[in-house]
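Worksheet: the structure to be examined is printed underneath.
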Amino acid sequence: MKKLYLVRHAKSSWNFEQLDDFNRPVGKRGRRDLRKMGEFVGSQVKRPDLIISSTASRAFYTALFFADYWKYPEEDMIISDVLYHADVQQFKAVITEIGPFDTVAVFAHNPGLTMLHNHLCDDFIDNIPTSGISGLSFDIQNWSDLGEKRGKSLFFHVPKELN
């Protein structure tokens with residue numbers, strides 16, 4: 001049994017015109033949502049065996065923040081340029097190469113994350129909002145066996161539900 005957490009980066013700031021999209025930091029609302037979601041996942045969502053993050057600033061910061069609440073060592077995280085605005089096939093290429101880890105969290109961007117969720121399971125969602133997390137399970141032995149509509153939705157949590 002494998003579990004995959006899909007986590008969208010926190011809401012970014014648009015206050016720094018000199019920064020390109022890749023380097024935009026997490027904004028005030030994003031930091032507020034991260035505190036709420038971090039506390040929630042730290043107490044309610046099983047710590048992943050591996051965290052993989054996009055190298056974009058807002059995704060990596062979100063991954064670091066969740067890692068703190070999960071007590072996951074940041075030096076064990078993997079960062080991947082491929083996950084910056086990845087499509088379904090790019091996500092799957094990264095995930096199918098993971099190795100022996102049973103529970104993996106991927107921190108990245110939309111629309112790719114939502115598309116990946118909908119590709120992997122029948123439980124359609126319209127959007128993974130910023131700081132949202134979707135959990136999927138797969139009755140597979142190896143990540144290389146990941147396939148379309150093979151996943152089962154475990155949970156879907158968003159900051160608004162934690163008010």
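Starting from 1 in every chain, residues are counted up; chains themselves are A, B, ... following the order of the structure tokens, and ligands are numbered from 1 as listed.
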
Using only C-alpha atoms, which residues of segment 17-62 of chain A come within 8 Å of segment 137-160 of chain A, and what is the closest atom pair for each, with the distance in Å to one decimal? Give it as JSON lines, sorted by chain and residue number.
{"residue": "A:Asp33", "atom": "CA", "partner": "A:Pro159", "partner_atom": "CA", "distance": 5.8}
{"residue": "A:Lys36", "atom": "CA", "partner": "A:Pro159", "partner_atom": "CA", "distance": 6.7}
{"residue": "A:Met37", "atom": "CA", "partner": "A:Pro159", "partner_atom": "CA", "distance": 6.1}

Using the selection just defined, write its residues with N, CA, C and O atoms as a short mmCIF file (atom, residue, chain, number, x, y, z; two decimals), in the first residue's frame.
data_model
loop_
_atom_site.label_atom_id
_atom_site.label_comp_id
_atom_site.auth_asym_id
_atom_site.auth_seq_id
_atom_site.Cartn_x
_atom_site.Cartn_y
_atom_site.Cartn_z
N ASP A 33 -2.33 30.82 6.57
CA ASP A 33 -2.87 29.51 6.21
C ASP A 33 -1.88 28.39 6.53
O ASP A 33 -2.28 27.30 6.93
N LYS A 36 -2.16 27.40 10.17
CA LYS A 36 -3.36 26.57 10.40
C LYS A 36 -3.18 25.16 9.85
O LYS A 36 -3.43 24.18 10.54
N MET A 37 -2.76 25.08 8.61
CA MET A 37 -2.60 23.77 7.97
C MET A 37 -1.47 22.97 8.61
O MET A 37 -1.56 21.75 8.76
#

Among segment 42-150 of chain A, which ones does DSSP assign to strand (DSSP E or B) (computed from the backbone)? Answer as a list in words.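 The strand (DSSP E or B) subset of segment 42-150 of chain A is Leu50, Ile51, Ile52, Ser53, Ser54, Ile78, Ile79, Ser80, Thr103, Val104, Ala105, Val106, Phe107, Ala108, Cys121, Ile133, Ser134, Gly135, Leu136, Ser137 and Phe138 of chain A.
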
Take the residues that were just selected and, keeping N, CA, C and O atoms, output them as a PDB file, in the first residue's frame.
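The result, stored in selection18.pdb:
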ATOM      1  N   LEU A  50       8.852  10.517   2.784  1.00  0.00           N
ATOM      2  CA  LEU A  50       9.655  11.330   1.874  1.00  0.00           C
ATOM      3  C   LEU A  50       8.868  12.572   1.491  1.00  0.00           C
ATOM      4  O   LEU A  50       7.664  12.496   1.238  1.00  0.00           O
ATOM      5  N   ILE A  51       9.564  13.705   1.440  1.00  0.00           N
ATOM      6  CA  ILE A  51       8.988  14.961   0.940  1.00  0.00           C
ATOM      7  C   ILE A  51       9.764  15.350  -0.309  1.00  0.00           C
ATOM      8  O   ILE A  51      10.997  15.385  -0.297  1.00  0.00           O
ATOM      9  N   ILE A  52       9.013  15.631  -1.374  1.00  0.00           N
ATOM     10  CA  ILE A  52       9.591  16.128  -2.626  1.00  0.00           C
ATOM     11  C   ILE A  52       8.936  17.471  -2.912  1.00  0.00           C
ATOM     12  O   ILE A  52       7.712  17.600  -2.845  1.00  0.00           O
ATOM     13  N   SER A  53       9.736  18.479  -3.246  1.00  0.00           N
ATOM     14  CA  SER A  53       9.195  19.810  -3.492  1.00  0.00           C
ATOM     15  C   SER A  53       9.721  20.401  -4.787  1.00  0.00           C
ATOM     16  O   SER A  53      10.868  20.165  -5.184  1.00  0.00           O
ATOM     17  N   SER A  54       8.873  21.204  -5.387  1.00  0.00           N
ATOM     18  CA  SER A  54       9.307  22.080  -6.471  1.00  0.00           C
ATOM     19  C   SER A  54      10.376  23.005  -5.907  1.00  0.00           C
ATOM     20  O   SER A  54      10.370  23.330  -4.715  1.00  0.00           O
ATOM     21  N   ILE A  78      13.763  16.160  -0.917  1.00  0.00           N
ATOM     22  CA  ILE A  78      14.268  16.207  -2.289  1.00  0.00           C
ATOM     23  C   ILE A  78      13.599  17.390  -2.969  1.00  0.00           C
ATOM     24  O   ILE A  78      12.383  17.594  -2.834  1.00  0.00           O
ATOM     25  N   ILE A  79      14.374  18.185  -3.683  1.00  0.00           N
ATOM     26  CA  ILE A  79      13.784  19.270  -4.461  1.00  0.00           C
ATOM     27  C   ILE A  79      14.012  18.972  -5.944  1.00  0.00           C
ATOM     28  O   ILE A  79      15.036  18.406  -6.319  1.00  0.00           O
ATOM     29  N   SER A  80      13.010  19.337  -6.733  1.00  0.00           N
ATOM     30  CA  SER A  80      13.042  18.981  -8.154  1.00  0.00           C
ATOM     31  C   SER A  80      12.582  20.144  -9.024  1.00  0.00           C
ATOM     32  O   SER A  80      11.469  20.646  -8.853  1.00  0.00           O
ATOM     33  N   THR A 103       4.940   6.383   2.031  1.00  0.00           N
ATOM     34  CA  THR A 103       4.110   7.582   2.092  1.00  0.00           C
ATOM     35  C   THR A 103       4.947   8.774   1.641  1.00  0.00           C
ATOM     36  O   THR A 103       5.990   9.068   2.232  1.00  0.00           O
ATOM     37  N   VAL A 104       4.491   9.435   0.590  1.00  0.00           N
ATOM     38  CA  VAL A 104       5.259  10.517  -0.030  1.00  0.00           C
ATOM     39  C   VAL A 104       4.397  11.768  -0.144  1.00  0.00           C
ATOM     40  O   VAL A 104       3.227  11.688  -0.526  1.00  0.00           O
ATOM     41  N   ALA A 105       4.978  12.917   0.190  1.00  0.00           N
ATOM     42  CA  ALA A 105       4.305  14.206   0.026  1.00  0.00           C
ATOM     43  C   ALA A 105       4.995  14.977  -1.091  1.00  0.00           C
ATOM     44  O   ALA A 105       6.222  15.102  -1.100  1.00  0.00           O
ATOM     45  N   VAL A 106       4.196  15.484  -2.031  1.00  0.00           N
ATOM     46  CA  VAL A 106       4.706  16.265  -3.156  1.00  0.00           C
ATOM     47  C   VAL A 106       4.153  17.682  -3.037  1.00  0.00           C
ATOM     48  O   VAL A 106       2.935  17.874  -2.972  1.00  0.00           O
ATOM     49  N   PHE A 107       5.044  18.668  -3.023  1.00  0.00           N
ATOM     50  CA  PHE A 107       4.679  20.080  -2.908  1.00  0.00           C
ATOM     51  C   PHE A 107       4.929  20.746  -4.247  1.00  0.00           C
ATOM     52  O   PHE A 107       6.061  20.760  -4.729  1.00  0.00           O
ATOM     53  N   ALA A 108       3.856  21.295  -4.831  1.00  0.00           N
ATOM     54  CA  ALA A 108       4.011  21.851  -6.166  1.00  0.00           C
ATOM     55  C   ALA A 108       2.899  22.856  -6.471  1.00  0.00           C
ATOM     56  O   ALA A 108       2.405  23.527  -5.558  1.00  0.00           O
ATOM     57  N   CYS A 121      -7.342   9.292  -9.511  1.00  0.00           N
ATOM     58  CA  CYS A 121      -8.493   8.686  -8.821  1.00  0.00           C
ATOM     59  C   CYS A 121      -9.805   9.215  -9.393  1.00  0.00           C
ATOM     60  O   CYS A 121      -9.834  10.226 -10.087  1.00  0.00           O
ATOM     61  N   ILE A 133      -4.345  20.189   0.748  1.00  0.00           N
ATOM     62  CA  ILE A 133      -3.687  18.888   0.694  1.00  0.00           C
ATOM     63  C   ILE A 133      -4.697  17.806   0.352  1.00  0.00           C
ATOM     64  O   ILE A 133      -5.785  17.747   0.914  1.00  0.00           O
ATOM     65  N   SER A 134      -4.327  16.984  -0.604  1.00  0.00           N
ATOM     66  CA  SER A 134      -5.131  15.834  -1.018  1.00  0.00           C
ATOM     67  C   SER A 134      -4.331  14.577  -0.705  1.00  0.00           C
ATOM     68  O   SER A 134      -3.141  14.500  -1.039  1.00  0.00           O
ATOM     69  N   GLY A 135      -4.969  13.612  -0.074  1.00  0.00           N
ATOM     70  CA  GLY A 135      -4.305  12.344   0.231  1.00  0.00           C
ATOM     71  C   GLY A 135      -4.912  11.212  -0.571  1.00  0.00           C
ATOM     72  O   GLY A 135      -6.136  11.074  -0.626  1.00  0.00           O
ATOM     73  N   LEU A 136      -4.071  10.423  -1.207  1.00  0.00           N
ATOM     74  CA  LEU A 136      -4.513   9.294  -2.026  1.00  0.00           C
ATOM     75  C   LEU A 136      -3.802   8.025  -1.571  1.00  0.00           C
ATOM     76  O   LEU A 136      -2.649   8.078  -1.120  1.00  0.00           O
ATOM     77  N   SER A 137      -4.471   6.891  -1.701  1.00  0.00           N
ATOM     78  CA  SER A 137      -3.820   5.609  -1.425  1.00  0.00           C
ATOM     79  C   SER A 137      -3.883   4.737  -2.673  1.00  0.00           C
ATOM     80  O   SER A 137      -4.810   4.853  -3.490  1.00  0.00           O
ATOM     81  N   PHE A 138      -2.909   3.862  -2.798  1.00  0.00           N
ATOM     82  CA  PHE A 138      -2.792   2.987  -3.960  1.00  0.00           C
ATOM     83  C   PHE A 138      -2.468   1.583  -3.493  1.00  0.00           C
ATOM     84  O   PHE A 138      -1.550   1.390  -2.698  1.00  0.00           O
TER      85      PHE A 138
END

Please provide as a ChimeraX atom specification all residues within 12 Å of segment 10-18 of chain A, with the sequence filter that same-chain residues fewer than 4 positions apart are discarded (counting only C-alpha atoms). /A:22-38,56-66,107-110,128-133,158-159

Choose the residue, out of A:Asp49, A:Glu161, A:Val41, A:His9, that has the smallest atom-to-atom separation from Pro111 of chain A; count only C-alpha atoms.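 Looking at the shortest contact to Pro111 of chain A, the residue is A:His9.
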
Å distance separating atom CA of Pro48 of chain A from atom CA of Leu116 of chain A, one decimal place: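 Pair atom CA of Pro48 of chain A / atom CA of Leu116 of chain A returns 18.6 Å.
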
Hey, what does DSSP flag as helix (DSSP H, G or I) within segment 68-163 of chain A? Can you give it to me as a ChimeraX atom specification? /A:68-70,74-76,81-83,88-95,112-120,143-145,159-162

Rank nothing, just name the residue among A:Val88, A:Gly112, A:Leu120, A:Trp70 nearest to Phe40 of chain A, using only C-alpha atoms.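 Smallest distance to Phe40 of chain A is found for A:Trp70.
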
Counting only C-alpha atoms, which of A:Asn127, A:Thr96, A:Thr114, A:Gln89 gets nearest to Lys2 of chain A? A:Thr96

Please measure the separation of atom CA of Tyr69 of chain A and atom CA of Arg47 of chain A, giving the value in Å to one decimal.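 Distance reported for this atom pair: 9.0 Å.
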
Atom CA of Met1 of chain A to atom CA of Gly99 of chain A, straight-line distance in Å: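 One can read the atom CA of Gly99 of chain A to atom CA of Met1 of chain A distance as 13.4 Å.
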
Check the smallest atom-to-atom distance from each of A:Asp87, A:Asp102, A:Asp20, A:Asp81 to Lys46 of chain A using only C-alpha atoms, then report the winner.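 That would be A:Asp102, the residue with the smallest distance to Lys46 of chain A.
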